[in-house]
>>> print(open('run07.tsv').read())   # TSV, C-alpha atoms
chain	number	residue	atom	x	y	z
A	686	MET	CA	-63.16	-34.96	23.69
A	687	THR	CA	-63.95	-35.77	27.29
A	688	GLU	CA	-60.49	-34.63	28.41
A	689	ALA	CA	-60.77	-31.26	26.67
A	690	HIS	CA	-64.21	-30.75	28.18
A	691	ASP	CA	-62.88	-31.68	31.61
A	692	ALA	CA	-59.98	-29.31	31.17
A	693	ALA	CA	-61.76	-26.14	30.23
A	694	GLY	CA	-65.45	-26.67	30.72
A	695	HIS	CA	-65.73	-26.63	34.49
A	696	GLY	CA	-64.10	-25.47	37.62
A	697	PRO	CA	-64.16	-22.43	39.89
A	698	ASN	CA	-63.18	-19.02	38.60
A	699	ILE	CA	-59.86	-17.45	39.53
A	700	ASN	CA	-61.34	-15.43	42.41
A	701	ALA	CA	-62.51	-18.61	44.12
A	702	TYR	CA	-58.97	-20.04	43.93
A	703	LEU	CA	-57.48	-16.87	45.41
A	704	ILE	CA	-60.07	-16.70	48.19
A	705	VAL	CA	-59.50	-20.35	49.09
A	706	GLY	CA	-55.73	-19.81	49.03
A	707	GLY	CA	-56.11	-16.88	51.42
A	708	ALA	CA	-58.45	-18.86	53.67
A	709	LEU	CA	-55.93	-21.71	53.85
A	710	SER	CA	-53.21	-19.30	54.95
A	711	VAL	CA	-55.47	-17.85	57.63
A	712	PHE	CA	-56.36	-21.33	58.89
A	713	THR	CA	-52.67	-22.25	59.08
A	714	ALA	CA	-52.00	-19.17	61.21
A	715	LEU	CA	-55.05	-20.08	63.32
A	716	SER	CA	-53.77	-23.57	64.10
A	717	PHE	CA	-50.37	-22.10	64.99
A	718	GLY	CA	-52.24	-19.66	67.26
A	719	PHE	CA	-54.15	-22.46	69.02
A	720	ASN	CA	-50.83	-24.22	69.64
A	721	TYR	CA	-49.38	-21.02	71.12
A	722	LEU	CA	-52.39	-20.62	73.43
A	723	ALA	CA	-52.09	-24.23	74.61
A	724	HIS	CA	-48.39	-23.89	75.33
A	725	HIS	CA	-48.99	-20.72	77.34
A	726	ASP	CA	-51.80	-22.33	79.36
A	727	LYS	CA	-54.49	-20.06	77.95
A	728	MET	CA	-56.29	-23.04	76.44
A	729	SER	CA	-56.45	-26.68	77.50
A	730	VAL	CA	-54.31	-29.08	75.47
A	731	PHE	CA	-57.34	-31.21	74.60
A	732	SER	CA	-59.36	-28.21	73.32
A	733	ALA	CA	-56.39	-27.00	71.30
A	734	PHE	CA	-55.92	-30.48	69.84
A	735	VAL	CA	-59.58	-30.69	68.81
A	736	ALA	CA	-59.44	-27.17	67.34
A	737	ILE	CA	-56.23	-27.89	65.41
A	738	LEU	CA	-57.63	-31.16	64.05
A	739	ALA	CA	-60.84	-29.40	63.01
A	740	VAL	CA	-58.80	-26.72	61.22
A	741	ALA	CA	-56.78	-29.43	59.42
A	742	ILE	CA	-59.99	-31.14	58.25
A	743	ILE	CA	-61.43	-27.82	57.04
A	744	LYS	CA	-58.22	-27.06	55.14
A	745	ALA	CA	-58.16	-30.51	53.55
A	746	THR	CA	-61.83	-30.12	52.59
A	747	LEU	CA	-61.17	-26.72	50.98
A	748	VAL	CA	-58.22	-28.10	49.01
A	749	GLY	CA	-60.23	-31.12	47.90
A	750	THR	CA	-63.39	-29.22	47.05
A	751	TYR	CA	-61.93	-26.31	45.12
A	752	PHE	CA	-58.34	-27.08	44.13
A	753	MET	CA	-59.02	-30.71	43.30
A	754	HIS	CA	-62.38	-29.82	41.69
A	755	LEU	CA	-64.31	-32.30	43.81
A	756	LYS	CA	-67.13	-29.76	43.94
A	757	TYR	CA	-67.72	-30.61	40.30
A	758	ASP	CA	-66.30	-34.12	40.07
A	759	TRP	CA	-67.68	-35.66	43.28
A	760	ARG	CA	-70.41	-37.60	41.50
A	761	LEU	CA	-67.72	-39.06	39.23
A	762	THR	CA	-65.21	-39.97	41.93
A	763	TYR	CA	-67.14	-40.75	45.11
A	764	PHE	CA	-67.17	-44.48	44.32
A	765	MET	CA	-63.37	-44.45	44.83
A	766	LEU	CA	-63.11	-41.93	47.65
A	767	ILE	CA	-65.79	-43.21	50.01
A	768	PRO	CA	-64.30	-46.74	50.22
A	769	ALA	CA	-60.89	-45.15	50.83
A	770	PHE	CA	-62.24	-43.11	53.74
A	771	ILE	CA	-64.05	-46.15	55.15
A	772	LEU	CA	-60.97	-48.35	54.88
A	773	GLY	CA	-58.76	-45.62	56.29
A	774	THR	CA	-61.04	-45.20	59.30
A	775	MET	CA	-61.17	-48.96	59.69
A	776	MET	CA	-57.38	-49.09	59.71
A	777	MET	CA	-57.27	-46.54	62.51
A	778	ILE	CA	-59.85	-48.52	64.50
A	779	VAL	CA	-58.05	-51.80	63.91
A	780	LEU	CA	-54.84	-50.30	65.29
A	781	LEU	CA	-56.54	-49.12	68.52
A	782	PRO	CA	-56.10	-52.40	70.46
A	783	ASP	CA	-52.36	-52.07	69.96
A	784	ILE	CA	-52.24	-49.00	72.16
A	785	VAL	CA	-50.41	-50.45	75.14
A	786	PHE	CA	-49.62	-47.89	77.78
A	787	ALA	CA	-45.87	-47.71	78.34
A	788	TRP	CA	-45.85	-46.10	81.74
B	1005	MET	CA	-80.01	-33.02	4.50
B	1006	ALA	CA	-76.32	-32.31	3.79
B	1007	HIS	CA	-76.35	-30.05	6.84
B	1008	ALA	CA	-77.67	-32.90	8.99
B	1009	VAL	CA	-74.86	-35.19	7.77
B	1010	LEU	CA	-72.23	-32.60	8.68
B	1011	GLU	CA	-73.51	-32.25	12.25
B	1012	GLU	CA	-71.58	-34.18	14.86
B	1013	GLN	CA	-73.50	-37.26	15.85
B	1014	PRO	CA	-73.76	-37.83	19.60
B	1015	GLN	CA	-71.61	-40.81	20.51
B	1016	ALA	CA	-72.48	-43.36	23.11
B	1017	HIS	CA	-69.74	-43.80	25.70
B	1018	MET	CA	-69.27	-46.74	27.98
B	1019	GLY	CA	-69.00	-45.94	31.71
B	1020	LEU	CA	-68.79	-42.61	33.49
B	1021	PRO	CA	-68.01	-39.34	31.69
B	1022	LEU	CA	-64.64	-39.35	33.44
B	1023	SER	CA	-61.40	-39.22	31.49
B	1024	ASN	CA	-58.98	-42.15	31.77
B	1025	GLY	CA	-56.25	-39.91	33.11
B	1026	LYS	CA	-58.40	-38.46	35.88
B	1027	LEU	CA	-59.73	-41.90	36.84
B	1028	ALA	CA	-56.20	-43.31	36.97
B	1029	MET	CA	-54.87	-40.40	39.04
B	1030	TRP	CA	-57.69	-40.64	41.57
B	1031	MET	CA	-57.22	-44.42	41.84
B	1032	PHE	CA	-53.53	-43.82	42.53
B	1033	LEU	CA	-54.34	-41.13	45.11
B	1034	VAL	CA	-56.68	-43.53	46.88
B	1035	THR	CA	-53.78	-45.98	47.28
B	1036	GLU	CA	-51.63	-43.16	48.60
B	1037	VAL	CA	-54.36	-42.30	51.13
B	1038	MET	CA	-54.09	-45.85	52.47
B	1039	PHE	CA	-50.30	-45.62	52.53
B	1040	PHE	CA	-50.19	-42.44	54.58
B	1041	THR	CA	-53.11	-43.53	56.77
B	1042	ALA	CA	-51.00	-46.52	57.78
B	1043	LEU	CA	-48.04	-44.32	58.73
B	1044	VAL	CA	-50.16	-41.75	60.57
B	1045	GLY	CA	-52.21	-44.47	62.27
B	1046	VAL	CA	-49.12	-46.13	63.66
B	1047	TYR	CA	-47.77	-42.78	64.83
B	1048	VAL	CA	-51.04	-42.07	66.67
B	1049	LEU	CA	-50.95	-45.55	68.20
B	1050	LEU	CA	-47.36	-45.14	69.44
B	1051	ARG	CA	-48.03	-41.62	70.68
B	1052	GLN	CA	-51.08	-42.71	72.65
B	1053	SER	CA	-49.08	-45.56	74.18
B	1054	ALA	CA	-46.88	-43.05	75.97
B	1055	PRO	CA	-47.84	-40.68	78.77
B	1056	SER	CA	-48.12	-36.99	77.89
B	1057	SER	CA	-46.36	-35.75	80.99
B	1058	GLY	CA	-43.85	-37.00	83.51
B	1059	PRO	CA	-40.33	-38.39	83.11
B	1060	ASN	CA	-41.40	-41.08	80.63
B	1061	ARG	CA	-43.50	-38.82	78.42
B	1062	TRP	CA	-43.62	-38.81	74.62
B	1063	PRO	CA	-41.04	-36.25	73.39
B	1064	SER	CA	-42.36	-32.72	73.13
B	1065	PRO	CA	-41.27	-30.66	70.08
B	1066	HIS	CA	-38.70	-28.92	72.30
B	1067	ASP	CA	-37.19	-32.25	73.43
B	1068	VAL	CA	-36.45	-33.27	69.86
B	1069	HIS	CA	-35.52	-29.84	68.47
B	1070	VAL	CA	-38.59	-29.47	66.29
B	1071	VAL	CA	-39.12	-25.81	65.43
B	1072	GLU	CA	-42.83	-25.07	65.07
B	1073	TRP	CA	-42.45	-21.96	62.95
B	1074	MET	CA	-40.45	-23.89	60.35
B	1075	GLY	CA	-43.34	-26.32	60.01
B	1076	ALA	CA	-45.79	-23.44	59.71
B	1077	VAL	CA	-43.67	-21.79	56.99
B	1078	ASN	CA	-43.49	-25.11	55.14
B	1079	THR	CA	-47.27	-25.42	55.34
B	1080	PHE	CA	-47.68	-21.93	53.93
B	1081	VAL	CA	-45.15	-22.69	51.15
B	1082	LEU	CA	-47.07	-25.80	50.09
B	1083	ILE	CA	-50.40	-23.95	50.20
B	1084	CYS	CA	-48.96	-21.28	47.89
B	1085	SER	CA	-47.59	-23.95	45.57
B	1086	SER	CA	-51.03	-25.62	45.45
B	1087	LEU	CA	-52.52	-22.26	44.50
B	1088	THR	CA	-49.97	-21.66	41.74
B	1089	VAL	CA	-50.43	-25.13	40.24
B	1090	VAL	CA	-54.20	-24.71	40.12
B	1091	LEU	CA	-53.76	-21.27	38.53
B	1092	ALA	CA	-51.42	-22.86	35.96
B	1093	HIS	CA	-54.18	-25.28	35.00
B	1094	TYR	CA	-56.74	-22.45	34.92
B	1095	VAL	CA	-54.71	-20.31	32.50
B	1096	ILE	CA	-53.52	-23.14	30.24
B	1097	ALA	CA	-57.11	-24.32	29.81
B	1098	ARG	CA	-57.81	-20.83	28.47
B	1099	GLY	CA	-54.89	-21.00	26.03
B	1100	ASN	CA	-52.35	-18.90	27.96
B	1101	VAL	CA	-49.37	-21.29	27.89
B	1102	LYS	CA	-46.76	-18.67	28.79
B	1103	GLN	CA	-48.55	-17.70	32.01
B	1104	ALA	CA	-48.98	-21.38	32.87
B	1105	VAL	CA	-45.24	-21.93	32.50
B	1106	ILE	CA	-44.58	-19.06	34.90
B	1107	TYR	CA	-46.97	-20.54	37.46
B	1108	ILE	CA	-45.38	-23.99	37.12
B	1109	GLY	CA	-41.96	-22.38	37.55
B	1110	ILE	CA	-43.13	-20.71	40.77
B	1111	THR	CA	-44.60	-24.02	41.98
B	1112	LEU	CA	-41.27	-25.74	41.30
B	1113	ALA	CA	-39.40	-23.00	43.19
B	1114	LEU	CA	-41.75	-23.28	46.16
B	1115	GLY	CA	-41.27	-27.05	46.14
B	1116	PHE	CA	-37.53	-26.54	46.38
B	1117	VAL	CA	-38.05	-24.07	49.24
B	1118	PHE	CA	-40.04	-26.76	51.07
B	1119	LEU	CA	-37.28	-29.32	50.53
B	1120	GLY	CA	-34.65	-26.79	51.57
B	1121	ILE	CA	-36.38	-26.12	54.89
B	1122	LYS	CA	-36.78	-29.88	55.36
B	1123	ALA	CA	-33.05	-30.34	54.71
B	1124	VAL	CA	-32.23	-27.74	57.38
B	1125	GLU	CA	-34.49	-29.60	59.83
B	1126	TYR	CA	-32.94	-32.99	58.99
B	1127	TYR	CA	-29.45	-31.53	59.41
B	1128	SER	CA	-30.44	-30.22	62.83
B	1129	LYS	CA	-31.64	-33.73	63.80
B	1130	TRP	CA	-28.34	-35.20	62.59
B	1131	GLN	CA	-26.35	-32.60	64.55
B	1132	HIS	CA	-28.23	-33.44	67.75
B	1133	ASP	CA	-27.97	-37.19	67.02
B	1134	ILE	CA	-31.76	-37.48	67.04
B	1135	LEU	CA	-31.77	-40.43	64.67
B	1136	PRO	CA	-33.56	-43.81	64.93
B	1137	GLY	CA	-31.52	-46.18	67.07
B	1138	HIS	CA	-29.09	-43.51	68.23
B	1139	ILE	CA	-30.91	-41.93	71.12
B	1140	GLY	CA	-30.30	-43.06	74.67
B	1141	GLU	CA	-33.34	-44.51	76.44
B	1142	GLN	CA	-34.28	-47.33	78.82
B	1143	LEU	CA	-30.98	-46.81	80.58
B	1144	ASP	CA	-32.07	-49.05	83.46
B	1145	HIS	CA	-31.88	-52.03	81.09
B	1146	PRO	CA	-28.43	-53.70	81.29
B	1147	VAL	CA	-27.92	-53.92	77.52
B	1148	THR	CA	-29.19	-50.51	76.39
B	1149	GLY	CA	-27.76	-48.83	79.48
B	1150	GLN	CA	-24.32	-50.30	78.86
B	1151	GLN	CA	-24.44	-49.41	75.16
B	1152	TYR	CA	-25.31	-45.83	76.01
B	1153	ALA	CA	-22.50	-45.59	78.57
B	1154	GLU	CA	-19.96	-46.84	76.05
B	1155	LYS	CA	-21.23	-44.46	73.39
B	1156	ILE	CA	-21.00	-41.46	75.72
B	1157	ARG	CA	-17.52	-42.53	76.79
B	1158	ARG	CA	-16.37	-42.48	73.15
B	1159	GLU	CA	-18.07	-39.13	72.52
B	1160	LEU	CA	-16.54	-37.53	75.62
B	1161	GLN	CA	-13.11	-38.84	74.67
B	1162	ALA	CA	-13.56	-37.35	71.19
B	1163	ILE	CA	-14.49	-33.97	72.71
B	1164	GLU	CA	-11.47	-34.16	74.99
B	1165	LYS	CA	-9.22	-34.84	72.02
B	1166	ASP	CA	-10.78	-32.22	69.73
B	1167	PRO	CA	-13.18	-29.69	71.35
B	1168	LYS	CA	-14.51	-28.65	67.88
B	1169	GLY	CA	-15.23	-25.02	68.73
B	1170	LEU	CA	-17.02	-25.75	72.02
B	1171	SER	CA	-16.71	-23.24	74.85
B	1172	GLU	CA	-14.14	-23.87	77.61
B	1173	GLU	CA	-16.91	-24.26	80.16
B	1174	THR	CA	-18.60	-27.01	78.15
B	1175	VAL	CA	-15.31	-28.83	77.52
B	1176	HIS	CA	-14.53	-28.62	81.25
B	1177	GLU	CA	-17.93	-30.14	82.12
B	1178	CYS	CA	-17.43	-32.93	79.56
B	1179	LYS	CA	-13.99	-33.74	80.99
B	1180	ALA	CA	-15.47	-33.75	84.51
B	1181	LEU	CA	-18.20	-36.20	83.45
B	1182	LEU	CA	-15.64	-38.48	81.77
B	1183	LYS	CA	-13.50	-38.42	84.90
B	1184	ASP	CA	-16.54	-39.29	87.05
B	1185	MET	CA	-17.30	-42.19	84.71
B	1186	GLN	CA	-13.77	-43.52	84.99
B	1187	GLU	CA	-13.27	-42.99	88.72
B	1188	SER	CA	-16.77	-43.66	90.01
B	1189	PRO	CA	-16.96	-45.71	93.22
B	1190	ASP	CA	-19.81	-47.64	91.48
B	1191	LYS	CA	-17.21	-49.16	89.20
B	1192	THR	CA	-17.27	-52.94	89.38
B	1193	LYS	CA	-16.23	-55.79	87.16
B	1194	TYR	CA	-19.51	-55.54	85.27
B	1195	ASN	CA	-20.19	-51.84	85.67
B	1196	PRO	CA	-17.74	-49.57	83.85
B	1197	GLY	CA	-18.33	-46.65	86.20
B	1198	LEU	CA	-21.18	-44.30	86.84
B	1199	SER	CA	-24.58	-45.87	86.32
B	1200	PRO	CA	-26.03	-45.20	82.85
B	1201	GLU	CA	-28.86	-43.18	84.43
B	1202	LYS	CA	-26.38	-40.87	86.16
B	1203	ILE	CA	-24.40	-40.59	82.93
B	1204	GLY	CA	-27.63	-39.66	81.16
B	1205	GLU	CA	-28.41	-36.98	83.73
B	1206	GLY	CA	-24.91	-35.55	83.33
B	1207	VAL	CA	-25.21	-35.51	79.55
B	1208	MET	CA	-28.64	-33.81	79.57
B	1209	LYS	CA	-27.32	-31.17	81.99
B	1210	ILE	CA	-24.42	-30.39	79.62
B	1211	LEU	CA	-26.78	-30.27	76.62
B	1212	GLU	CA	-29.30	-27.99	78.37
B	1213	GLU	CA	-26.59	-25.60	79.47
B	1214	GLY	CA	-25.27	-25.54	75.93
B	1215	GLU	CA	-28.74	-24.59	74.65
B	1216	LYS	CA	-28.98	-21.67	77.06
B	1217	LYS	CA	-25.78	-20.07	75.77
B	1218	ASN	CA	-25.90	-17.22	73.29
B	1219	PRO	CA	-25.53	-18.39	70.54
B	1220	PRO	CA	-26.82	-21.86	71.51
B	1221	GLU	CA	-24.13	-24.51	71.50
B	1222	THR	CA	-24.70	-27.94	69.94
B	1223	VAL	CA	-22.65	-30.36	71.99
B	1224	PRO	CA	-21.95	-33.65	70.14
B	1225	LEU	CA	-23.33	-35.91	72.87
B	1226	THR	CA	-26.16	-38.40	72.42
B	1227	PRO	CA	-29.21	-37.18	74.35
B	1228	VAL	CA	-31.47	-39.26	76.58
B	1229	ILE	CA	-35.03	-38.92	75.34
B	1230	PRO	CA	-37.70	-41.41	76.49
B	1231	HIS	CA	-39.44	-42.86	73.41
B	1232	GLY	CA	-36.96	-40.81	71.38
B	1233	ASN	CA	-35.97	-43.61	68.98
B	1234	MET	CA	-39.61	-44.40	68.25
B	1235	TRP	CA	-40.29	-40.69	67.74
B	1236	ALA	CA	-37.34	-40.41	65.36
B	1237	SER	CA	-38.45	-43.50	63.40
B	1238	CYS	CA	-41.96	-42.08	63.00
B	1239	TYR	CA	-40.69	-38.61	62.15
B	1240	PHE	CA	-38.28	-39.74	59.44
B	1241	ALA	CA	-40.74	-42.32	58.05
B	1242	MET	CA	-43.60	-39.85	57.73
B	1243	THR	CA	-41.72	-36.76	56.63
B	1244	GLY	CA	-39.22	-38.77	54.57
B	1245	PHE	CA	-41.91	-40.49	52.51
B	1246	HIS	CA	-43.72	-37.18	52.18
B	1247	ALA	CA	-40.51	-35.50	50.97
B	1248	LEU	CA	-40.03	-38.32	48.42
B	1249	HIS	CA	-43.52	-37.60	47.14
B	1250	VAL	CA	-42.63	-33.92	46.88
B	1251	VAL	CA	-39.54	-34.87	44.85
B	1252	GLY	CA	-41.75	-36.95	42.54
B	1253	GLY	CA	-43.99	-33.94	41.98
B	1254	LEU	CA	-41.00	-31.71	41.26
B	1255	VAL	CA	-39.80	-34.19	38.62
B	1256	ILE	CA	-43.12	-33.82	36.82
B	1257	PHE	CA	-42.90	-30.03	36.99
B	1258	VAL	CA	-39.41	-30.17	35.49
B	1259	ILE	CA	-40.78	-32.37	32.68
B	1260	ILE	CA	-43.50	-29.79	32.02
B	1261	LEU	CA	-40.95	-26.97	31.93
B	1262	VAL	CA	-38.72	-28.94	29.55
B	1263	MET	CA	-41.72	-29.54	27.31
B	1264	ALA	CA	-42.39	-25.80	27.33
B	1265	LEU	CA	-38.73	-25.09	26.55
B	1266	LEU	CA	-38.92	-27.40	23.55
B	1267	GLY	CA	-42.09	-25.66	22.42
B	1268	ARG	CA	-44.16	-28.78	22.96
B	1269	LEU	CA	-46.47	-27.51	25.70
B	1270	GLY	CA	-49.84	-26.30	24.58
B	1271	ALA	CA	-53.47	-25.86	25.60
B	1272	GLN	CA	-53.99	-29.53	24.73
B	1273	HIS	CA	-51.96	-30.33	27.87
B	1274	ALA	CA	-54.49	-28.73	30.21
B	1275	ALA	CA	-55.66	-32.15	31.33
B	1276	PHE	CA	-52.04	-33.24	32.01
B	1277	LEU	CA	-51.63	-30.18	34.22
B	1278	GLU	CA	-54.89	-30.93	35.98
B	1279	TYR	CA	-53.80	-34.48	36.85
B	1280	THR	CA	-50.39	-33.22	38.01
B	1281	GLY	CA	-52.23	-30.68	40.12
B	1282	LEU	CA	-54.36	-33.43	41.68
B	1283	TYR	CA	-51.18	-35.23	42.76
B	1284	TRP	CA	-49.65	-32.04	44.10
B	1285	HIS	CA	-52.79	-31.11	46.05
B	1286	PHE	CA	-52.76	-34.56	47.62
B	1287	VAL	CA	-49.13	-34.00	48.74
B	1288	ASP	CA	-50.33	-30.71	50.24
B	1289	ILE	CA	-53.22	-32.41	52.06
B	1290	VAL	CA	-50.87	-34.99	53.57
B	1291	TRP	CA	-48.66	-32.20	54.90
B	1292	ILE	CA	-51.75	-30.39	56.25
B	1293	PHE	CA	-52.23	-33.40	58.55
B	1294	LEU	CA	-48.55	-34.11	59.25
B	1295	PHE	CA	-47.86	-30.54	60.38
B	1296	PRO	CA	-50.17	-30.52	63.42
B	1297	LEU	CA	-49.32	-34.12	64.34
B	1298	ILE	CA	-45.58	-33.57	64.44
B	1299	TYR	CA	-45.06	-29.89	65.14
B	1300	LEU	CA	-48.01	-28.85	67.27
B	1301	ILE	CA	-49.22	-30.07	70.66
>>> encode(input="run07.tsv", output="structure tokens")
Amino acid sequence: MTEAHDAAGHGPNINAYLIVGGALSVFTALSFGFNYLAHHDKMSVFSAFVAILAVAIIKATLVGTYFMHLKYDWRLTYFMLIPAFILGTMMMIVLLPDIVFAW
Amino acid sequence: MAHAVLEEQPQAHMGLPLSNGKLAMWMFLVTEVMFFTALVGVYVLLRQSAPSSGPNRWPSPHDVHVVEWMGAVNTFVLICSSLTVVLAHYVIARGNVKQAVIYIGITLALGFVFLGIKAVEYYSKWQHDILPGHIGEQLDHPVTGQQYAEKIRRELQAIEKDPKGLSEETVHECKALLKDMQESPDKTKYNPGLSPEKIGEGVMKILEEGEKKNPPETVPLTPVIPHGNMWASCYFAMTGFHALHVVGGLVIFVIILVMALLGRLGAQHAAFLEYTGLYWHFVDIVWIFLFPLIYLI
């Protein structure tokens, strides 16, 4: 009963999916554009890197929120996702001391 | 009173109103997040350990023959496939099984397009010998320098024996380098000829001139790329594991299509499609992060 309700009872409508799909394509082109600007010295590499990373996070958020239905299921899944994000961030931090400059 | 008996009694459920399948899939995806975080974290660590410019810099996409537009096309392909899989779930939940099968078929096709482009990229790496452990680097070290010199000697001798469609100019340059290696005044009991660094410079010059030709020529000589072996290890680890995950997703899509072919797919499988979609969206999200890390900047 719960599965049938999950399947059909919630979720965005088809227009939302199409709009998000279009937005994702635009963001992909945008990150490619930032890369082009950086390689042609019209933008600093650091700014382009920050912009590209921000675009990647926005894209991932859009996919998670709408395609993965987290907009509706967040309250049911956050107890799994938040520890994963915390542990993932911790893993990145724990690896930082191993950055040894190989000049 | 009979009417009251026929009404469905509300049932008490233990735990969250979350289906077992969805809970299980999210738990699995959480483990996959940790898996890919480890790979990406190590890549970031290794990348930051190398300078960004200068002779000892981390390889740029051009150095390792990474074509940015191919990565962008792959990103677009996966985004489209994520859209089609979510549309498949949307229509099957509303009872339109036939339309769902079409969307799953399109998703499967797009998945194969992704793997096809990946195969072209991997072949290019193989052609240029950009493979873990193959690339020449740290040529000032006696062991790695000597190994590289011997490898280039064998490759130049192979080109001399069978030019394999290379231009006369390139073959002439390869023969000249081999001759220099054999007749170098640096040759001593312990040094087979030209120093490995000079050999490396000669090889890179031949490779760069080959690239400038129209059409570009792929000369079968091992390049010298600082941090190249580490780059190749990271590249194949990250994209290889991602590609394996894509293959896993395609297997599930094939299963769904076979079920449809056997007439066993129905609206009751909407949840199955949703969980498959969750997995596929995760694969898409991983690529969303891999694409800028590997192909851009």
>>> closest_residue(input="run07.tsv", among="A:Ser732, A:Ile743, A:Leu761, A:Leu709", to="Leu1022 in chain B", atoms="only C-alpha atoms")
A:Leu761
>>> residues_near_point(input="run07.tsv", point="(-51.3, -17.3, 58.7)", cutoff="12 Å", atoms="all atoms listed in the file", output="PDB file with C-alpha atoms, keeping the file's coordinate frame")
ATOM      1  CA  GLY A 706     -55.730 -19.810  49.030  1.00  0.00           C
ATOM      2  CA  GLY A 707     -56.110 -16.880  51.420  1.00  0.00           C
ATOM      3  CA  ALA A 708     -58.450 -18.860  53.670  1.00  0.00           C
ATOM      4  CA  LEU A 709     -55.930 -21.710  53.850  1.00  0.00           C
ATOM      5  CA  SER A 710     -53.210 -19.300  54.950  1.00  0.00           C
ATOM      6  CA  VAL A 711     -55.470 -17.850  57.630  1.00  0.00           C
ATOM      7  CA  PHE A 712     -56.360 -21.330  58.890  1.00  0.00           C
ATOM      8  CA  THR A 713     -52.670 -22.250  59.080  1.00  0.00           C
ATOM      9  CA  ALA A 714     -52.000 -19.170  61.210  1.00  0.00           C
ATOM     10  CA  LEU A 715     -55.050 -20.080  63.320  1.00  0.00           C
ATOM     11  CA  SER A 716     -53.770 -23.570  64.100  1.00  0.00           C
ATOM     12  CA  PHE A 717     -50.370 -22.100  64.990  1.00  0.00           C
ATOM     13  CA  GLY A 718     -52.240 -19.660  67.260  1.00  0.00           C
ATOM     14  CA  PHE A 719     -54.150 -22.460  69.020  1.00  0.00           C
TER      15      PHE A 719
ATOM     16  CA  TRP B1073     -42.450 -21.960  62.950  1.00  0.00           C
ATOM     17  CA  ALA B1076     -45.790 -23.440  59.710  1.00  0.00           C
ATOM     18  CA  VAL B1077     -43.670 -21.790  56.990  1.00  0.00           C
ATOM     19  CA  ASN B1078     -43.490 -25.110  55.140  1.00  0.00           C
ATOM     20  CA  THR B1079     -47.270 -25.420  55.340  1.00  0.00           C
ATOM     21  CA  PHE B1080     -47.680 -21.930  53.930  1.00  0.00           C
ATOM     22  CA  VAL B1081     -45.150 -22.690  51.150  1.00  0.00           C
ATOM     23  CA  ILE B1083     -50.400 -23.950  50.200  1.00  0.00           C
ATOM     24  CA  CYS B1084     -48.960 -21.280  47.890  1.00  0.00           C
TER      25      CYS B1084
END
>>> residues_around(input="run07.tsv", residues="Phe764 in chain A", least_positions_apart="5", cutoff="12 Å", atoms="all atoms listed in the file", output="PyMOL selection string")
(chain A and resi 758-759+769-771) or (chain B and resi 1020+1027+1030-1031+1034)
>>> interface_residues(input="run07.tsv", of="chain A", to="chain B", cutoff="8 Å", atoms="only C-alpha atoms", output="short mmCIF file (atom, residue, chain, number, x, y, z; two decimals) with C-alpha atoms, keeping the file's coordinate frame")
data_model
loop_
_atom_site.label_atom_id
_atom_site.label_comp_id
_atom_site.auth_asym_id
_atom_site.auth_seq_id
_atom_site.Cartn_x
_atom_site.Cartn_y
_atom_site.Cartn_z
CA THR A 687 -63.95 -35.77 27.29
CA GLU A 688 -60.49 -34.63 28.41
CA ALA A 689 -60.77 -31.26 26.67
CA ASP A 691 -62.88 -31.68 31.61
CA ALA A 692 -59.98 -29.31 31.17
CA ALA A 693 -61.76 -26.14 30.23
CA ILE A 699 -59.86 -17.45 39.53
CA TYR A 702 -58.97 -20.04 43.93
CA LEU A 703 -57.48 -16.87 45.41
CA GLY A 706 -55.73 -19.81 49.03
CA LEU A 709 -55.93 -21.71 53.85
CA SER A 710 -53.21 -19.30 54.95
CA THR A 713 -52.67 -22.25 59.08
CA ALA A 714 -52.00 -19.17 61.21
CA SER A 716 -53.77 -23.57 64.10
CA PHE A 717 -50.37 -22.10 64.99
CA ASN A 720 -50.83 -24.22 69.64
CA ALA A 723 -52.09 -24.23 74.61
CA HIS A 724 -48.39 -23.89 75.33
CA VAL A 730 -54.31 -29.08 75.47
CA ALA A 733 -56.39 -27.00 71.30
CA PHE A 734 -55.92 -30.48 69.84
CA ILE A 737 -56.23 -27.89 65.41
CA LEU A 738 -57.63 -31.16 64.05
CA ALA A 741 -56.78 -29.43 59.42
CA LYS A 744 -58.22 -27.06 55.14
CA ALA A 745 -58.16 -30.51 53.55
CA VAL A 748 -58.22 -28.10 49.01
CA GLY A 749 -60.23 -31.12 47.90
CA PHE A 752 -58.34 -27.08 44.13
CA MET A 753 -59.02 -30.71 43.30
CA LEU A 761 -67.72 -39.06 39.23
CA THR A 762 -65.21 -39.97 41.93
CA MET A 765 -63.37 -44.45 44.83
CA LEU A 766 -63.11 -41.93 47.65
CA ALA A 769 -60.89 -45.15 50.83
CA LEU A 772 -60.97 -48.35 54.88
CA GLY A 773 -58.76 -45.62 56.29
CA MET A 776 -57.38 -49.09 59.71
CA MET A 777 -57.27 -46.54 62.51
CA LEU A 780 -54.84 -50.30 65.29
CA LEU A 781 -56.54 -49.12 68.52
CA ASP A 783 -52.36 -52.07 69.96
CA ILE A 784 -52.24 -49.00 72.16
CA VAL A 785 -50.41 -50.45 75.14
CA PHE A 786 -49.62 -47.89 77.78
CA ALA A 787 -45.87 -47.71 78.34
CA TRP A 788 -45.85 -46.10 81.74
#
>>> atom_distance(input="run07.tsv", atom1="CA of Met1208 in chain B", atom2="CA of Tyr1239 in chain B")
21.7 Å
>>> atom_distance(input="run07.tsv", atom1="CA of Lys1217 in chain B", atom2="CA of Lys1129 in chain B")
19.1 Å
>>> residues_around(input="run07.tsv", residues="Glu1173 in chain B", least_positions_apart="3", cutoff="10 Å", atoms="only C-alpha atoms", output="ChimeraX atom specification")
/B:1170,1176-1179,1210,1213-1214
